[in-house]
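Source file: start-v5.txt; contents: compact mmCIF, C-alpha atoms.
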# COMPACT_ATOMS: atom_id res chain seq x y z
CA MET O 1 74.78 6.15 -26.38
CA ASP O 2 71.03 6.29 -26.93
CA PRO O 3 69.51 3.38 -24.92
CA GLU O 4 67.40 2.36 -27.95
CA ILE O 5 70.53 2.08 -30.11
CA SER O 6 72.31 0.32 -27.28
CA ASN O 7 69.55 -2.32 -27.22
CA PHE O 8 69.83 -2.83 -30.98
CA GLU O 9 73.60 -3.11 -30.66
CA THR O 10 73.24 -5.76 -27.96
CA GLU O 11 70.92 -7.76 -30.24
CA MET O 12 73.29 -7.46 -33.19
CA ASN O 13 76.33 -8.31 -31.06
CA ARG O 14 74.74 -11.56 -29.94
CA GLY O 15 75.13 -13.18 -33.35
CA PHE O 16 78.36 -11.40 -34.18
CA LEU O 17 80.04 -12.57 -30.98
CA GLN O 18 79.42 -16.22 -31.85
CA ILE O 19 81.11 -15.89 -35.24
CA LEU O 20 83.88 -13.82 -33.68
CA VAL O 21 84.64 -16.46 -31.05
CA LEU O 22 84.60 -19.29 -33.58
CA ALA O 23 86.95 -17.27 -35.79
CA LEU O 24 89.27 -16.48 -32.87
CA LEU O 25 89.61 -20.01 -31.57
CA GLU O 26 91.55 -21.45 -34.50
CA LYS O 27 94.37 -21.10 -31.99
CA ASP O 28 93.70 -22.22 -28.38
CA MET O 29 93.05 -19.23 -26.10
CA TYR O 30 91.76 -18.48 -22.63
CA GLY O 31 89.02 -15.95 -21.91
CA TYR O 32 91.05 -12.93 -20.85
CA ALA O 33 93.43 -13.35 -23.83
CA MET O 34 90.39 -13.38 -26.13
CA VAL O 35 89.10 -10.15 -24.59
CA ARG O 36 92.50 -8.50 -25.08
CA THR O 37 92.90 -9.73 -28.67
CA VAL O 38 89.47 -8.47 -29.64
CA ARG O 39 90.11 -5.14 -27.90
CA ASP O 40 93.33 -4.74 -29.90
CA LEU O 41 91.22 -5.16 -33.03
CA GLY O 42 89.04 -2.22 -31.89
CA TYR O 43 86.05 -4.10 -30.49
CA GLU O 44 84.90 -4.53 -26.89
CA VAL O 45 83.56 -7.85 -25.69
CA GLU O 46 81.51 -7.92 -22.49
CA GLU O 47 83.42 -10.34 -20.30
CA ASN O 48 80.33 -11.55 -18.51
CA THR O 49 78.79 -12.45 -21.89
CA LEU O 50 81.84 -14.19 -23.29
CA TYR O 51 82.14 -16.99 -20.72
CA PRO O 52 78.50 -18.12 -20.81
CA LEU O 53 78.73 -18.10 -24.63
CA LEU O 54 81.87 -20.26 -24.55
CA ARG O 55 80.08 -22.66 -22.23
CA ARG O 56 77.10 -22.92 -24.59
CA LEU O 57 79.37 -23.47 -27.60
CA GLU O 58 81.20 -26.18 -25.69
CA LYS O 59 77.99 -27.90 -24.67
CA ASN O 60 77.01 -28.10 -28.32
CA GLY O 61 80.39 -29.54 -29.27
CA TRP O 62 81.59 -26.55 -31.31
CA VAL O 63 84.46 -25.73 -28.99
CA LYS O 64 86.43 -27.81 -26.52
CA SER O 65 88.21 -26.77 -23.36
CA ARG O 66 90.99 -27.80 -21.00
CA TRP O 67 92.33 -26.38 -17.76
CA ASP O 68 96.01 -25.41 -17.79
CA VAL O 69 97.32 -25.49 -14.23
CA GLY O 70 101.00 -25.33 -15.15
CA GLU O 71 101.28 -21.52 -14.85
CA ASP O 72 101.04 -19.44 -11.65
CA ARG O 73 97.29 -19.22 -12.16
CA PRO O 74 94.94 -21.92 -13.54
CA ARG O 75 93.51 -20.91 -16.93
CA LYS O 76 90.82 -22.51 -19.01
CA PHE O 77 91.83 -22.73 -22.65
CA TYR O 78 89.33 -23.10 -25.47
CA GLY O 79 89.83 -24.39 -29.00
CA ILE O 80 87.54 -24.93 -31.97
CA THR O 81 86.40 -28.46 -32.95
CA ASP O 82 85.74 -29.83 -36.46
CA ALA O 83 82.01 -29.33 -35.89
CA GLY O 84 82.78 -25.74 -34.85
CA ARG O 85 84.73 -25.16 -38.06
CA SER O 86 81.79 -26.39 -40.16
CA LEU O 87 79.47 -24.12 -38.19
CA ARG O 88 81.84 -21.19 -38.65
CA THR O 89 81.89 -21.73 -42.44
CA GLU O 90 78.08 -21.79 -42.49
CA LEU O 91 77.78 -18.69 -40.30
CA LEU O 92 80.32 -16.75 -42.33
CA GLY O 93 78.34 -17.63 -45.47
CA ILE O 94 75.16 -16.27 -43.89
CA TRP O 95 76.96 -13.16 -42.69
CA ARG O 96 78.45 -12.44 -46.15
CA LYS O 97 75.03 -12.85 -47.71
CA GLN O 98 73.50 -10.42 -45.20
CA VAL O 99 76.27 -7.88 -45.79
CA GLU O 100 75.76 -8.20 -49.57
CA ILE O 101 71.99 -7.64 -49.25
CA LEU O 102 72.53 -4.57 -47.09
CA ARG O 103 75.22 -3.28 -49.47
CA GLN O 104 72.88 -3.62 -52.45
CA LEU O 105 70.01 -1.95 -50.59
CA THR O 106 72.05 0.99 -49.33
CA GLU O 107 73.70 1.47 -52.73
CA GLU O 108 70.27 1.45 -54.46
CA LYS O 109 69.08 4.06 -51.97
CA ASN O 110 72.13 6.21 -52.65
CA HIS O 111 71.46 6.07 -56.40
CA VAL O 112 67.80 7.12 -56.02
CA MET W 1 92.31 -14.72 -0.20
CA PHE W 2 90.69 -11.51 -1.37
CA GLU W 3 87.56 -10.63 0.56
CA LYS W 4 85.87 -8.63 -2.19
CA LEU W 5 86.49 -11.32 -4.76
CA GLU W 6 85.29 -14.14 -2.52
CA ALA W 7 82.17 -12.18 -1.53
CA TYR W 8 81.43 -11.47 -5.20
CA LEU W 9 81.88 -15.12 -6.18
CA GLU W 10 79.73 -16.19 -3.25
CA GLU W 11 76.99 -13.88 -4.47
CA ILE W 12 77.18 -15.26 -8.01
CA SER W 13 77.18 -18.76 -6.56
CA HIS W 14 73.98 -17.95 -4.67
CA PHE W 15 72.18 -17.16 -7.92
CA LEU W 16 73.68 -20.19 -9.67
CA SER W 17 72.88 -22.45 -6.78
CA GLY W 18 72.00 -26.01 -7.68
CA ARG W 19 73.84 -26.05 -10.97
CA GLU W 20 76.42 -28.81 -11.35
CA GLU W 21 78.96 -26.66 -13.23
CA ARG W 22 78.84 -23.98 -10.53
CA GLU W 23 82.34 -24.58 -9.20
CA GLU W 24 83.88 -24.50 -12.66
CA ILE W 25 82.05 -21.30 -13.59
CA LEU W 26 83.28 -19.62 -10.40
CA ALA W 27 86.86 -20.85 -10.94
CA GLU W 28 86.86 -19.36 -14.43
CA ILE W 29 85.48 -16.01 -13.25
CA ARG W 30 88.04 -15.94 -10.40
CA SER W 31 90.88 -16.63 -12.82
CA HIS W 32 89.65 -13.91 -15.19
CA ILE W 33 89.26 -11.25 -12.50
CA LEU W 34 92.67 -11.93 -10.93
CA GLU W 35 94.39 -11.88 -14.30
CA LYS W 36 92.70 -8.69 -15.41
CA ALA W 37 93.56 -6.93 -12.14
CA GLU W 38 97.20 -7.92 -12.49
CA GLN W 39 97.48 -7.10 -16.20
CA GLU W 40 95.62 -3.81 -16.16
CA TYR W 41 96.42 -2.44 -12.70
CA GLY W 42 99.87 -3.93 -12.17
CA GLN W 43 98.90 -6.01 -9.12
CA ASP W 44 95.92 -7.80 -7.62
CA THR W 45 94.98 -5.75 -4.58
CA GLU W 46 91.56 -5.26 -2.98
CA ALA W 47 91.32 -1.86 -4.70
CA SER W 48 92.19 -3.12 -8.18
CA LEU W 49 89.95 -6.15 -7.74
CA GLY W 50 87.10 -3.83 -6.72
CA LYS W 51 87.43 -1.98 -10.04
CA VAL W 52 87.57 -5.19 -12.09
CA ILE W 53 84.58 -6.63 -10.23
CA ALA W 54 82.59 -3.43 -10.82
CA ALA W 55 83.35 -3.68 -14.55
CA TYR W 56 82.39 -7.37 -14.63
CA GLY W 57 78.85 -6.48 -13.58
CA PRO W 58 76.32 -7.15 -10.81
CA ALA W 59 76.39 -10.75 -9.54
CA ARG W 60 72.78 -11.48 -10.41
CA ARG W 61 73.20 -10.23 -13.99
CA VAL W 62 76.34 -12.35 -14.39
CA ALA W 63 74.56 -15.45 -13.11
CA GLU W 64 71.52 -14.84 -15.31
CA LYS W 65 73.70 -14.94 -18.42
CA TYR W 66 74.51 -18.56 -17.61
CA LEU W 67 70.83 -19.28 -17.10
CA ASP W 68 69.80 -17.62 -20.37
CA GLY W 69 67.20 -19.70 -22.20
CA ARG W 70 66.28 -21.71 -19.12
CA GLN W 71 62.80 -20.39 -18.45
CA ILE W 72 60.51 -21.90 -15.86
CA ILE W 73 57.62 -21.39 -18.26
CA ALA W 74 58.34 -20.81 -21.95
CA PRO W 75 56.98 -17.46 -23.24
CA ALA W 76 54.61 -19.32 -25.58
CA TYR W 77 52.84 -20.82 -22.54
CA ASN W 78 52.69 -17.66 -20.39
CA ARG W 79 49.23 -16.74 -21.59
CA TYR W 80 47.87 -20.11 -20.48
CA LEU W 81 48.83 -19.54 -16.87
CA PHE W 82 45.99 -17.23 -15.88
CA ARG W 83 43.36 -18.59 -18.24
CA TYR W 84 43.85 -22.19 -17.09
CA THR W 85 44.06 -21.08 -13.45
CA ALA W 86 40.80 -19.17 -13.92
CA LEU W 87 39.09 -22.25 -15.37
CA PHE W 88 40.34 -24.56 -12.65
CA PHE W 89 39.39 -22.06 -9.97
CA ALA W 90 35.92 -21.61 -11.46
CA PHE W 91 35.43 -25.39 -11.26
CA HIS W 92 36.85 -25.42 -7.73
CA PHE W 93 34.59 -22.53 -6.75
CA VAL W 94 31.41 -24.20 -8.02
CA LEU W 95 32.30 -27.40 -6.14
CA THR W 96 32.96 -25.34 -2.99
CA VAL W 97 29.57 -23.64 -3.24
CA VAL W 98 27.90 -27.03 -3.75
CA ALA W 99 29.87 -28.42 -0.79
CA VAL W 100 28.63 -25.53 1.38
CA VAL W 101 25.01 -25.63 0.28
CA PHE W 102 24.47 -29.40 0.12
CA LYS W 103 26.98 -30.33 2.87
CA LYS W 104 28.86 -32.73 0.56
CA SER W 105 32.57 -33.55 0.18
CA PHE W 106 34.33 -34.11 -3.14
CA LEU W 107 37.50 -36.13 -3.53
CA MET W 108 39.51 -36.79 -6.70
CA PHE W 109 42.79 -37.94 -5.19
CA PRO W 110 45.38 -36.40 -5.54
CA PHE W 111 44.00 -33.50 -7.57
CA LEU W 112 41.04 -32.26 -5.62
CA TYR W 113 39.55 -32.41 -2.16
CA VAL W 114 36.64 -30.17 -1.31
CA PRO W 115 35.36 -30.99 2.16
CA SER W 116 31.87 -30.23 3.41
CA MET W 117 32.20 -26.85 5.10
CA SER W 118 30.34 -23.86 6.46
CA PRO W 119 30.12 -20.65 4.43
CA PHE W 120 32.55 -19.03 6.86
CA ASP W 121 35.08 -21.86 6.35
CA ALA W 122 34.67 -21.42 2.59
CA LEU W 123 35.95 -17.85 2.86
CA PHE W 124 39.26 -19.27 4.08
CA TYR W 125 39.20 -22.30 1.82
CA LEU W 126 38.76 -20.39 -1.48
CA PRO W 127 42.00 -18.33 -1.40
CA THR W 128 43.91 -21.54 -0.60
CA ALA W 129 42.14 -23.27 -3.49
CA PHE W 130 43.12 -20.41 -5.82
CA LEU W 131 46.79 -20.71 -4.84
CA PHE W 132 46.62 -24.49 -5.31
CA ASP W 133 45.14 -24.06 -8.80
CA LEU W 134 47.78 -21.49 -9.73
CA GLY W 135 50.52 -23.83 -8.46
CA ALA W 136 49.11 -26.85 -10.27
CA VAL W 137 48.87 -24.98 -13.59
CA THR W 138 52.39 -23.59 -13.10
CA LEU W 139 53.70 -27.11 -12.49
CA ILE W 140 52.04 -28.45 -15.66
CA LEU W 141 53.40 -25.59 -17.76
CA TYR W 142 56.84 -26.03 -16.17
CA LEU W 143 56.91 -29.75 -17.06
CA ILE W 144 55.81 -28.97 -20.64
CA THR W 145 58.53 -26.30 -20.91
CA GLN W 146 61.21 -28.65 -19.58
CA SER W 147 60.13 -31.42 -21.98
CA LYS W 148 61.11 -29.02 -24.84
CA LYS W 149 58.27 -30.45 -26.92
CA ASP W 150 55.92 -28.28 -28.95
CA VAL W 151 52.79 -29.17 -27.03
CA LYS W 152 49.72 -27.45 -28.47
CA LEU W 153 47.42 -26.74 -25.55
CA PRO W 154 43.73 -26.02 -26.12
CA TRP W 155 42.80 -22.34 -25.83
CA PRO W 156 39.31 -22.08 -24.34
CA LYS W 157 37.54 -18.81 -25.11
CA PHE W 158 35.25 -17.06 -22.69
CA SER W 159 31.90 -15.94 -24.07
CA ILE W 160 32.92 -12.35 -23.36
CA ASP W 161 36.50 -11.65 -24.31
CA ILE W 162 37.82 -9.63 -21.42
CA ASP W 163 40.44 -8.01 -23.61
CA GLU W 164 37.84 -6.58 -25.91
CA MET W 165 35.48 -5.07 -23.39
CA LYS W 166 34.47 -1.73 -24.87
CA THR W 167 34.54 1.42 -22.80
CA THR W 168 32.33 3.42 -25.13
CA GLY W 169 28.95 4.17 -23.57
CA ARG W 170 29.94 2.54 -20.31
CA THR W 171 30.37 5.83 -18.48
CA ILE W 172 26.71 6.84 -18.99
CA GLY W 173 25.61 3.41 -17.77
CA ARG W 174 27.81 3.78 -14.72
CA ILE W 175 26.43 7.21 -13.87
CA ILE W 176 22.86 5.90 -14.11
CA GLY W 177 23.84 2.85 -12.08
CA LEU W 178 25.57 5.00 -9.48
CA ILE W 179 22.50 7.24 -9.06
CA ALA W 180 20.20 4.20 -8.78
CA MET W 181 22.45 2.34 -6.33
CA THR W 182 23.06 5.43 -4.19
CA ALA W 183 19.30 6.11 -4.02
CA LEU W 184 18.58 2.47 -3.20
CA THR W 185 21.28 2.40 -0.50
CA GLY W 186 20.01 5.69 0.95
CA VAL W 187 16.38 4.55 1.10
CA ALA W 188 17.39 1.18 2.57
CA LEU W 189 19.55 2.91 5.19
CA TYR W 190 16.67 5.22 6.09
CA PHE W 191 14.38 2.21 6.67
CA TYR W 192 17.06 0.37 8.56
CA VAL W 193 17.80 3.28 10.90
CA ARG W 194 14.08 3.80 11.50
CA TYR W 195 12.80 0.20 11.75
CA ARG W 196 16.02 -1.88 12.18
CA THR W 197 15.01 -3.92 9.13
CA ILE W 198 14.28 -3.39 5.46
CA PHE W 199 12.11 -6.50 5.03
CA PHE W 200 8.36 -6.02 5.59
CA VAL W 201 5.26 -8.09 5.10
CA ASN W 202 3.05 -5.00 4.50
CA LEU W 203 3.66 -1.50 3.21
CA ASP W 204 1.65 0.23 5.94
CA PHE W 205 4.47 1.72 7.94
CA ALA W 206 2.17 2.99 10.71
CA GLN W 207 1.54 -0.68 11.57
CA HIS W 208 4.55 -2.27 9.93
CA ARG W 209 5.14 -6.00 10.21
CA PRO W 210 8.71 -7.21 9.66
CA ILE W 211 9.25 -10.53 7.81
CA PHE W 212 12.17 -11.61 9.98
CA THR W 213 12.88 -11.70 13.70
CA PRO W 214 14.76 -8.58 14.97
CA GLU W 215 18.12 -10.40 14.99
CA ALA W 216 17.73 -12.03 11.56
CA GLY W 217 16.18 -8.83 10.15
CA GLN W 218 19.19 -6.77 11.20
CA TRP W 219 21.60 -9.37 9.86
CA PHE W 220 19.98 -9.73 6.41
CA SER W 221 19.30 -5.97 6.13
CA LEU W 222 22.88 -5.02 6.87
CA ILE W 223 24.15 -7.57 4.34
CA LEU W 224 21.85 -6.25 1.61
CA VAL W 225 22.61 -2.59 2.40
CA GLY W 226 26.30 -3.50 2.43
CA LEU W 227 26.05 -5.13 -1.01
CA TRP W 228 24.29 -2.09 -2.48
CA ALA W 229 26.75 0.31 -0.83
CA ILE W 230 29.76 -1.64 -2.17
CA SER W 231 28.21 -1.57 -5.62
CA ALA W 232 27.60 2.20 -5.41
CA ILE W 233 31.15 2.90 -4.17
CA SER W 234 32.63 0.68 -6.88
CA LEU W 235 30.63 2.46 -9.61
CA ALA W 236 31.80 5.82 -8.27
CA ILE W 237 35.46 4.74 -8.25
CA LYS W 238 35.15 3.27 -11.74
CA LEU W 239 34.18 6.69 -13.09
CA GLY W 240 37.74 7.76 -12.34
CA THR W 241 39.79 4.62 -12.96
CA SER W 242 39.67 1.51 -15.14
CA SER W 243 41.81 -0.50 -12.72
CA PRO W 244 40.66 -4.15 -12.52
CA TRP W 245 41.50 -4.03 -8.81
CA VAL W 246 38.27 -2.12 -8.22
CA ASP W 247 36.23 -4.98 -9.68
CA ALA W 248 38.31 -7.59 -7.86
CA VAL W 249 37.86 -5.94 -4.46
CA GLU W 250 34.16 -5.26 -5.07
CA LYS W 251 33.45 -8.87 -6.05
CA ALA W 252 35.55 -10.29 -3.20
CA LEU W 253 33.70 -8.16 -0.62
CA SER W 254 30.36 -9.08 -2.17
CA LEU W 255 31.21 -12.78 -1.92
CA VAL W 256 32.19 -12.33 1.72
CA LEU W 257 28.86 -10.61 2.49
CA ILE W 258 26.84 -13.29 0.71
CA GLY W 259 28.86 -15.90 2.60
CA LEU W 260 27.84 -14.17 5.84
CA ALA W 261 24.16 -14.46 4.86
CA PHE W 262 24.49 -18.24 5.19
CA ARG W 263 25.61 -17.84 8.81
CA GLN W 264 22.15 -16.84 9.98
CA PRO W 265 20.03 -19.89 10.90
CA PHE W 266 17.18 -19.65 8.41
CA ASP W 267 14.62 -21.96 10.06
CA ALA W 268 14.05 -19.63 13.02
CA ALA W 269 14.49 -16.38 11.12
CA PHE W 270 10.82 -15.64 10.35
CA ALA W 271 8.76 -13.33 12.57
CA VAL W 272 5.53 -14.32 10.83
CA PRO W 273 4.05 -17.78 11.38
CA LEU W 274 4.85 -20.04 8.42
CA SER W 275 4.31 -23.74 7.88
CA GLY W 276 7.35 -26.02 7.83
CA THR W 277 6.83 -26.72 4.12
CA LEU W 278 6.78 -23.01 3.31
CA VAL W 279 9.94 -22.39 5.35
CA ARG W 280 11.70 -25.23 3.51
CA TRP W 281 10.51 -23.85 0.16
CA PHE W 282 11.75 -20.35 1.09
CA LYS W 283 15.06 -21.74 2.23
CA LEU W 284 15.60 -23.71 -0.98
CA SER W 285 14.60 -20.72 -3.16
CA LEU W 286 16.90 -18.38 -1.26
CA THR W 287 19.80 -20.86 -1.39
CA ILE W 288 19.43 -21.36 -5.14
CA THR W 289 19.12 -17.58 -5.71
CA LEU W 290 22.24 -16.87 -3.64
CA LEU W 291 24.07 -19.71 -5.38
CA VAL W 292 23.32 -18.25 -8.82
CA ILE W 293 24.31 -14.75 -7.66
CA CYS W 294 27.53 -16.19 -6.19
CA ILE W 295 28.42 -17.88 -9.49
CA PHE W 296 27.92 -14.66 -11.45
CA ILE W 297 29.93 -12.62 -8.94
CA ALA W 298 32.67 -15.27 -8.87
CA ALA W 299 32.86 -15.25 -12.69
CA ASP W 300 33.34 -11.44 -12.60
CA PHE W 301 35.87 -11.83 -9.80
CA ILE W 302 37.88 -14.34 -11.84
CA LYS W 303 37.74 -12.09 -14.92
CA ALA W 304 39.09 -9.21 -12.81
CA LEU W 305 41.92 -11.42 -11.54
CA ILE W 306 42.80 -12.43 -15.11
CA ARG W 307 42.86 -8.77 -16.18
CA ILE W 308 45.17 -7.98 -13.24
CA GLY W 309 47.44 -10.90 -14.17
CA ARG W 310 47.54 -9.90 -17.83
CA ARG W 311 48.35 -6.31 -17.02
CA ARG W 312 51.23 -7.44 -14.84
CA PHE W 313 52.51 -9.81 -17.53
CA GLY W 314 52.15 -7.08 -20.14
CA ARG W 315 54.14 -4.67 -18.00
CA ALA W 316 56.81 -7.30 -17.30
CA ALA W 317 57.08 -8.12 -21.02
CA ALA W 318 57.35 -4.42 -21.90
CA ASN W 319 60.25 -4.07 -19.46
Final C-alpha cells representation of the file:
Amino acid sequence: MDPEISNFETEMNRGFLQILVLALLEKDMYGYAMVRTVRDLGYEVEENTLYPLLRRLEKNGWVKSRWDVGEDRPRKFYGITDAGRSLRTELLGIWRKQVEILRQLTEEKNHV
Amino acid sequence: MFEKLEAYLEEISHFLSGREEREEILAEIRSHILEKAEQEYGQDTEASLGKVIAAYGPARRVAEKYLDGRQIIAPAYNRYLFRYTALFFAFHFVLTVVAVVFKKSFLMFPFLYVPSMSPFDALFYLPTAFLFDLGAVTLILYLITQSKKDVKLPWPKFSIDIDEMKTTGRTIGRIIGLIAMTALTGVALYFYVRYRTIFFVNLDFAQHRPIFTPEAGQWFSLILVGLWAISAISLAIKLGTSSPWVDAVEKALSLVLIGLAFRQPFDAAFAVPLSGTLVRWFKLSLTITLLVICIFIAADFIKALIRIGRRRFGRAAAN
C-alpha cells in the first residue's frame, strides 16, 4: 500500500478501533480472542495497538478487567462498564453523523 | 522458559522501565504471544514464537504505544525551548563578560553563580553555562507539561526575526565583504610577515615605530589577522551554503580569539612611553570596545544556535 494512504489509514483506524473495542466488549473477552473475532469479520487489528488502547480505556473507567488464572494459561479478560456503554452510544452517534455527511457529499458529487 | 520470548519481554521492559504497571503489561503480552503461537502454529516452540514476536513488532515501538501521549515537553511548548534558552544564555553571557572584565562574582542561589574568572576560564565556563540554561528551561517546560495546565508563557520577540531574514541581495553584499576582508587580511599578513606587527605609531615604514612591544605586538596582530581571516573564510563558505553552522563556528572562534586578547598583560604592552593615566584610559577604552564587540558576536552566535535548533526540530517534526 502507498505509505501516504497507509498513514491516513492509521489515523482513521485510531478512532475506529475505540468504537470497535467498545462494541466488542458487550461480552467479556481477552485480547487474542478479540483479534480473532475482528479478523473473522474481515478486519485486522494491530495487536500491539490493541493492548495499550484497552489499558487507556480501563484507566478512564470505560472498560474493566480481570485476570482468569483457571485455565492452562492466565488470560486478562475485559468487559465494558456503564460509562463505556454511554461513551459507545455517543461515539456511534458521531460516527453515524460523519457517515451521513460523507454519503450526502459523495452523492451530490455523483449527481453533478 | 522460551529464550526468544523472555529476551523480547526484557527488551520491552527496558523501554517501559520505571512504570508501575510494567509487570502486568509484560504478563499480558506473554500470554498473547504464547496463545497466538499455539493457536496459529499448533505449538509454542522457539520457531513459532519467533514468527509471532516478529509480527508483534519491534520492542521499542511496542513500548512507545503504552507511552503515547506522555511527552516530556508538550508540542505547544517546544518552540519555547530554544528561545528561552537563548535569552537565559544571553543574560548569563553578559554577566560572564562583566565577571571577567570587572573581576566580580554574581550569586543568585540556586539559579545562578558566575564567579570572577579569567578570559581563558570563561571559554570553559560558557559552554557549561549554556548546557545549564538548556537544562533549566527543559525542566521548567517539563514541569508545565506534567501539570497538564494551559500555561500561557510570554513569547519575547527579537528585534530581528531570525526566521524572516531575507536572502535577496545578501549575495552581492557577501561578495563585496569577501573581497574587502580578503584584501584586509592579505595586507595585514604582509605587514605582519615583514614587521612582526600590524600596529604602528607612524606611517613611515623606513623608520617604523611599533605601538606595542614585540611580544604584545605579535599577540594582538595575530588575533586581529585571525579574526579577519575567519570572517573572510566564513563569507566565502556562505556563498555556497546557508547552513547556520557556518555562523555558529565563525562566532565561536571569534569569541575565542577575543578571549585570548585579554590574556596579554596590557599595562606592559606598549613600546612607546605613555603616562600611567593614558595607559589606564587606553585599557578601559579597549576593554569597553572588546566588550561591545563580544556582545554583538555573542548575539549572532546565539541566533545561529537557535536557527540550528529550529532546523533540527523542524526536521524531527517532519519525520
Please, which residues of chain O lie no more than 6 Å from chain W when the count uses all atoms listed in the file, and can they be set out as a PDB file with C-alpha atoms, in the frame of the given file?
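After the write, iface.pdb holds the following:
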ATOM      1  CA  TYR O  32      91.050 -12.930 -20.850  1.00  0.00           C
ATOM      2  CA  ASN O  48      80.330 -11.550 -18.510  1.00  0.00           C
ATOM      3  CA  PRO O  52      78.500 -18.120 -20.810  1.00  0.00           C
TER       4      PRO O  52
END
Checklist line | Cut-off 12 Å around (28.8, -0.2, -16.1) with only C-alpha atoms: residues as a list in words | finding: Met165, Lys166, Thr167, Thr168, Gly169, Arg170, Thr171, Ile172, Gly173, Arg174, Ile175, Ile176, Gly177, Leu178, Met181, Ser231, Ala232, Ser234, Leu235, Ala236, Ile237, Lys238, Leu239, Ser242 and Asp247 of chain W
Next item on the list: For Tyr84 (chain W), please output as a list in words all residues within 9 Å (counting all atoms listed in the file; exclusion window: fewer than 3 positions along the same chain).
Entry: Arg79, Tyr80, Leu81, Leu87, Phe88, Phe89, Asp133, Leu134, Val137, Trp155 and Pro156 of chain W
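The gap separating CA of Tyr8 (chain W) from CA of Ala47 (chain W) is 13.8 Å, in Å to one decimal.
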Item checked: W:Cys294, W:Leu143, W:Ala271, W:Ile72 ranked by distance to Val256 (chain W), top pick (using only C-alpha atoms) ->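 Selected residue with least distance to Val256 (chain W): W:Cys294.
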Next item on the list: Write out as a list in words the residues lying within 12 Å of Ala33 (chain O), counting all atoms listed in the file and excluding same-chain residues fewer than 2 positions away.
Entry: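 Near Ala33 (chain O), the qualifying residues are Val21, Leu24, Leu25, Lys27, Asp28, Met29, Tyr30, Gly31, Val35, Arg36, Thr37, Val38, Arg39, Asp40, Val45, Glu47, Leu50, Arg75, Lys76, Phe77 and Tyr78 of chain O; Ser31, His32, Glu35, Lys36 and Gln39 of chain W.
Put simply, CA of Pro75 (chain W) is 11.1 Å away from CA of Tyr142 (chain W).
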Check: Between O:Phe16, O:Tyr51, O:Trp62, O:Tyr43, which has the minimum distance to Trp95 (chain O) (counting all atoms listed in the file)?
Finding: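 Among the listed residues, the smallest separation from Trp95 (chain O) belongs to O:Phe16.
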Note to self: Just checking: using all atoms listed in the file, which residue out of O:Asn60, O:Arg85, O:Glu100, O:Glu107 ends up closest to Leu22 (chain O)?
What the structure shows: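 Ranked by minimum distance to Leu22 (chain O), first place goes to O:Arg85.
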Next item on the list: Could you please determine the separation between CA of Phe15 (chain W) and CA of Thr138 (chain W) in Å, to one decimal place?
Entry: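 Separation of CA of Phe15 (chain W) and CA of Thr138 (chain W): 21.4 Å.
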Margin query: List as a ChimeraX atom specification the protein and nucleic acid residues near Asp82 (chain O), meaning an atom at most 10 Å away when all atoms listed in the file are counted, but skip any in the same chain fewer than 6 places from it.
Written below: /O:61-63,88
Item checked: region 201-215 of chain W surroundings by only C-alpha atoms, 8 Å radius, close-in-sequence under 6 positions cut, as a PyMOL selection string -> chain W and resi 269-272
Check: Looking at O:Glu44, O:Glu71, O:Glu58, O:Glu90, which one is nearest to Ile19 (chain O), with distances taken over only C-alpha atoms?
Finding: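 Of all the options, O:Glu90 lies closest to Ile19 (chain O).
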